[in-house]
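Next up, run_22.txt (compact mmCIF, C-alpha atoms):
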# COMPACT_ATOMS: atom_id res chain seq x y z
CA MET G 1 122.59 93.68 97.43
CA ASN G 2 126.31 93.23 97.37
CA SER G 3 128.39 96.29 98.25
CA ASP G 4 131.12 95.00 95.91
CA ILE G 5 128.73 95.36 92.97
CA LEU G 6 127.93 98.92 94.04
CA MET G 7 131.61 99.82 94.25
CA GLN G 8 132.33 98.19 90.87
CA LYS G 9 129.57 100.27 89.29
CA ALA G 10 130.86 103.45 90.98
CA GLN G 11 134.36 102.68 89.68
CA LYS G 12 133.01 102.23 86.13
CA VAL G 13 131.17 105.55 86.35
CA TYR G 14 134.35 107.27 87.53
CA GLU G 15 136.43 105.72 84.74
CA TYR G 16 133.80 106.61 82.14
CA LEU G 17 133.52 110.24 83.28
CA LYS G 18 137.30 110.59 83.46
CA SER G 19 137.75 109.14 79.96
CA GLN G 20 135.13 111.56 78.60
CA GLY G 21 136.54 114.57 80.47
CA LYS G 22 133.09 115.08 82.07
CA THR G 23 131.99 116.10 85.55
CA ILE G 24 128.89 115.16 87.51
CA ALA G 25 126.89 116.57 90.41
CA THR G 26 124.36 114.71 92.56
CA ALA G 27 121.10 115.78 94.19
CA GLU G 28 119.81 113.19 96.63
CA SER G 29 116.72 112.83 98.74
CA CYS G 30 115.83 109.21 99.62
CA THR G 31 119.43 108.01 99.28
CA GLY G 32 120.69 110.65 101.72
CA GLY G 33 124.13 110.98 100.14
CA MET G 34 124.70 107.32 99.27
CA ILE G 35 125.45 108.12 95.62
CA GLY G 36 128.03 110.69 96.62
CA SER G 37 129.43 108.40 99.30
CA SER G 38 129.87 105.59 96.80
CA LEU G 39 131.68 107.91 94.40
CA THR G 40 133.90 109.51 97.03
CA ALA G 41 135.11 106.08 98.18
CA ILE G 42 137.18 106.12 94.95
CA ALA G 43 140.59 107.78 95.10
CA GLY G 44 140.88 110.58 92.55
CA VAL G 45 137.14 111.02 92.04
CA SER G 46 137.45 114.76 92.67
CA GLU G 47 138.52 115.00 89.01
CA VAL G 48 134.92 114.25 88.01
CA TYR G 49 132.78 114.91 91.11
CA GLY G 50 132.66 118.20 92.98
CA TYR G 51 129.11 118.82 94.14
CA GLY G 52 126.67 116.67 96.09
CA PHE G 53 123.41 118.09 97.41
CA VAL G 54 121.45 116.16 100.04
CA THR G 55 117.99 117.72 99.98
CA TYR G 56 115.76 115.53 102.09
CA SER G 57 113.15 118.17 102.93
CA ASN G 58 111.04 120.12 100.47
CA GLU G 59 112.54 123.32 101.89
CA ALA G 60 116.04 122.09 101.04
CA LYS G 61 114.92 121.16 97.53
CA MET G 62 113.61 124.70 97.04
CA GLN G 63 116.45 126.59 98.76
CA LEU G 64 119.46 124.63 97.50
CA LEU G 65 118.26 123.42 94.10
CA GLY G 66 115.60 125.93 93.11
CA VAL G 67 112.75 123.42 92.90
CA ASN G 68 109.55 125.38 92.40
CA GLU G 69 107.12 125.35 95.32
CA HIS G 70 104.25 124.89 92.84
CA THR G 71 105.91 121.76 91.43
CA LEU G 72 106.09 120.25 94.91
CA ALA G 73 102.49 121.23 95.67
CA ALA G 74 101.12 119.90 92.39
CA PHE G 75 103.17 116.71 91.95
CA GLY G 76 104.85 115.99 95.30
CA ALA G 77 108.48 115.44 96.20
CA VAL G 78 108.37 111.95 94.69
CA SER G 79 107.63 112.79 91.07
CA ALA G 80 109.25 113.05 87.66
CA GLU G 81 108.65 116.80 87.69
CA THR G 82 110.48 117.29 90.98
CA VAL G 83 113.53 115.17 90.11
CA ALA G 84 113.83 116.94 86.78
CA GLU G 85 113.97 120.29 88.59
CA MET G 86 116.37 118.85 91.17
CA ALA G 87 118.75 117.62 88.45
CA GLU G 88 118.52 120.89 86.53
CA GLY G 89 119.15 122.86 89.72
CA ALA G 90 122.20 120.77 90.61
CA LEU G 91 123.52 121.18 87.07
CA ALA G 92 123.07 124.96 87.12
CA ARG G 93 124.50 125.45 90.61
CA SER G 94 127.51 123.16 90.20
CA GLY G 95 128.68 123.97 86.69
CA ALA G 96 129.07 120.22 86.11
CA ASP G 97 128.52 118.62 82.71
CA MET G 98 125.75 116.41 84.06
CA ALA G 99 123.69 115.92 87.20
CA VAL G 100 121.62 113.12 88.60
CA ALA G 101 118.80 113.50 91.15
CA VAL G 102 116.74 111.00 93.12
CA SER G 103 113.60 111.20 95.23
CA GLY G 104 111.56 108.25 96.42
CA ILE G 105 109.76 106.33 99.11
CA ALA G 106 112.27 103.97 100.71
CA GLY G 107 109.83 102.75 103.37
CA PRO G 108 108.76 101.05 105.42
CA GLY G 109 106.10 103.78 105.72
CA GLY G 110 105.22 106.77 103.60
CA GLY G 111 103.64 104.96 100.68
CA SER G 112 100.11 105.35 99.34
CA GLU G 113 97.90 103.64 96.79
CA GLN G 114 99.15 106.06 94.13
CA LYS G 115 102.81 105.98 95.22
CA ARG G 116 103.83 102.68 96.75
CA VAL G 117 106.86 102.08 98.96
CA GLY G 118 109.80 101.45 96.66
CA LEU G 119 108.78 104.09 94.10
CA VAL G 120 111.83 106.15 93.15
CA TYR G 121 112.22 108.80 90.47
CA VAL G 122 115.59 109.55 88.89
CA GLY G 123 116.31 112.76 87.00
CA PHE G 124 119.30 113.05 84.69
CA ALA G 125 120.31 116.43 83.28
CA GLN G 126 123.14 117.17 80.84
CA LYS G 127 124.34 120.44 79.39
CA GLY G 128 122.68 121.04 76.03
CA LYS G 129 120.31 118.05 76.24
CA ALA G 130 116.75 117.47 77.39
CA THR G 131 116.43 116.27 80.97
CA GLN G 132 115.43 112.62 81.30
CA THR G 133 113.41 111.08 84.10
CA HIS G 134 113.01 107.44 85.05
CA ALA G 135 110.49 105.83 87.40
CA LEU G 136 111.64 102.77 89.33
CA GLN G 137 109.45 100.46 91.42
CA LEU G 138 111.86 98.63 93.71
CA ASP G 139 111.27 95.86 96.25
CA GLY G 140 112.81 95.12 99.60
CA ASP G 141 113.45 96.87 102.87
CA ARG G 142 114.56 100.49 103.26
CA GLU G 143 118.27 99.77 102.88
CA SER G 144 117.67 97.55 99.86
CA VAL G 145 115.55 100.21 98.11
CA ARG G 146 118.25 102.83 98.74
CA ARG G 147 121.04 100.57 97.48
CA GLN G 148 119.07 99.50 94.40
CA THR G 149 118.42 103.17 93.67
CA VAL G 150 122.15 103.92 93.66
CA GLU G 151 122.89 100.93 91.43
CA ASN G 152 120.17 102.03 88.99
CA VAL G 153 121.56 105.58 88.98
CA PHE G 154 125.01 104.28 88.05
CA ASP G 155 123.44 102.20 85.24
CA ILE G 156 121.55 105.27 83.95
CA ILE G 157 124.74 107.35 83.92
CA MET G 158 126.55 104.65 81.93
CA ARG G 159 123.75 104.62 79.31
Go ahead and express the file in the form of structure tokens.
Amino acid sequence: MNSDILMQKAQKVYEYLKSQGKTIATAESCTGGMIGSSLTAIAGVSEVYGYGFVTYSNEAKMQLLGVNEHTLAAFGAVSAETVAEMAEGALARSGADMAVAVSGIAGPGGGSEQKRVGLVYVGFAQKGKATQTHALQLDGDRESVRRQTVENVFDIIMR
């Protein structure tokens, strides 16, 4: 994946949020801060982006975002249910207008028959609207899966 494409998408997200007078927060697991890093590479982004949570462990998801222990036990960290709670937790804790959350299996290990390497869930929460979740099945190595996740997140925000 081309880093120029990633930066162009981040720039479009910034311009869109700025034009709408909206703010966003991020809650990241498998991307480890890559969404926030892509956004903060843009000068002036603090107008629209103030909170980024990197919650790689289940404990961090529970402590920082309020993800329910029972959700993690029943569905796992890589699930629609977990990313919905992550996004809602980021939204509530940040006071932003919207929040996006990601959790997935970037590889090369960690996959199973039920959840293959490259499976990523995205949660998108907005004030006053139902939380959306998206399942992605991505291909490639660890870095490629992480980068594709960020690009998909930026596309989801723009929708």
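Comparing G:His134, G:Ala84, G:Ser19, G:Tyr51 by their smallest distance to G:Ser37, the closest is G:Tyr51 (using all atoms listed in the file).
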Inset, instruction - Pull the neighbourhood of (121.3, 101.9, 96.4) for me: all residues within 10 Å in file coordinates, counting all atoms listed in the file, as a PyMOL selection string. - result: chain G and resi 1+3+6+30-31+34-35+38+142-154
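Between atom CA of G:Asp4 and atom CA of G:Ile105 the interatomic distance comes to 24.4 Å.
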Inset, instruction - Figure out the distance between atom CA of G:Ser103 and atom CA of G:Gln132, please, to one decimal in Å. - result: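 Here the two named atoms are 14.1 Å from each other.
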Inset, instruction - Would you mind telling me which residue in G:Ala60, G:Ala130, G:Leu17, G:Val54 lies nearest to G:Ala96 when using only C-alpha atoms? - result: G:Leu17
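Minimum atom-to-atom distances from G:Gln63, G:Met98, G:Gln114, G:Ala135 to G:Gln20 were compared using only C-alpha atoms, and the lowest value belongs to G:Met98.
Distances from G:Thr23, G:Thr55, G:Pro108, G:Gly33 to G:Ala125 were compared using all atoms listed in the file, and the smallest one belongs to G:Thr23.
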Inset, instruction - Give the answer as one residue: which of G:Val48, G:Met62, G:Leu72, G:Val100 has the shortest atom-to-atom distance to G:Gln126, using all atoms listed in the file? - result: G:Val100
Legend entry - Counting all atoms listed in the file, the option among G:Gly36, G:Gly21, G:Gly66, G:Gly118 closest to G:Ala92: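 Of the candidates, the smallest distance to G:Ala92 is held by G:Gly66.
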Inset, instruction - Determine, counting only C-alpha atoms, which protein, DNA and RNA residues have an atom within 7 Å of an atom of G:Gly52; residues of the same chain fewer than 4 positions away are not included. Present the result as a list in words. - result: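 My list of contacting residues is Ala25, Thr26, Ala27 and Gly36 of chain G.
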Legend entry - Nearby residues (all atoms listed in the file) at most 12 Å from G:His70, same-chain spacing under 4 positions excluded, as a PyMOL selection string: chain G and resi 58+62+66+74-77+81-82+85
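Separating atom CA of G:Gln11 from atom CA of G:Leu64 is a distance of 27.7 Å.
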Legend entry - Contact residues around G:Lys18 with only C-alpha atoms at 10 Å, ignoring same-chain residues under 3 positions, as a PyMOL selection string: chain G and resi 12-15+21-23+44-45+47-49
For stretch 3-15 of chain G, take all atoms listed in the file, fit an axis-aligned box around them, add 6 Å to each of the six sides, then output centre and edge lengths in Å rounded to one decimal, as JSON.
{"center_x": 132.2, "center_y": 101.1, "center_z": 91.5, "size_x": 20.5, "size_y": 24.3, "size_z": 25.5}
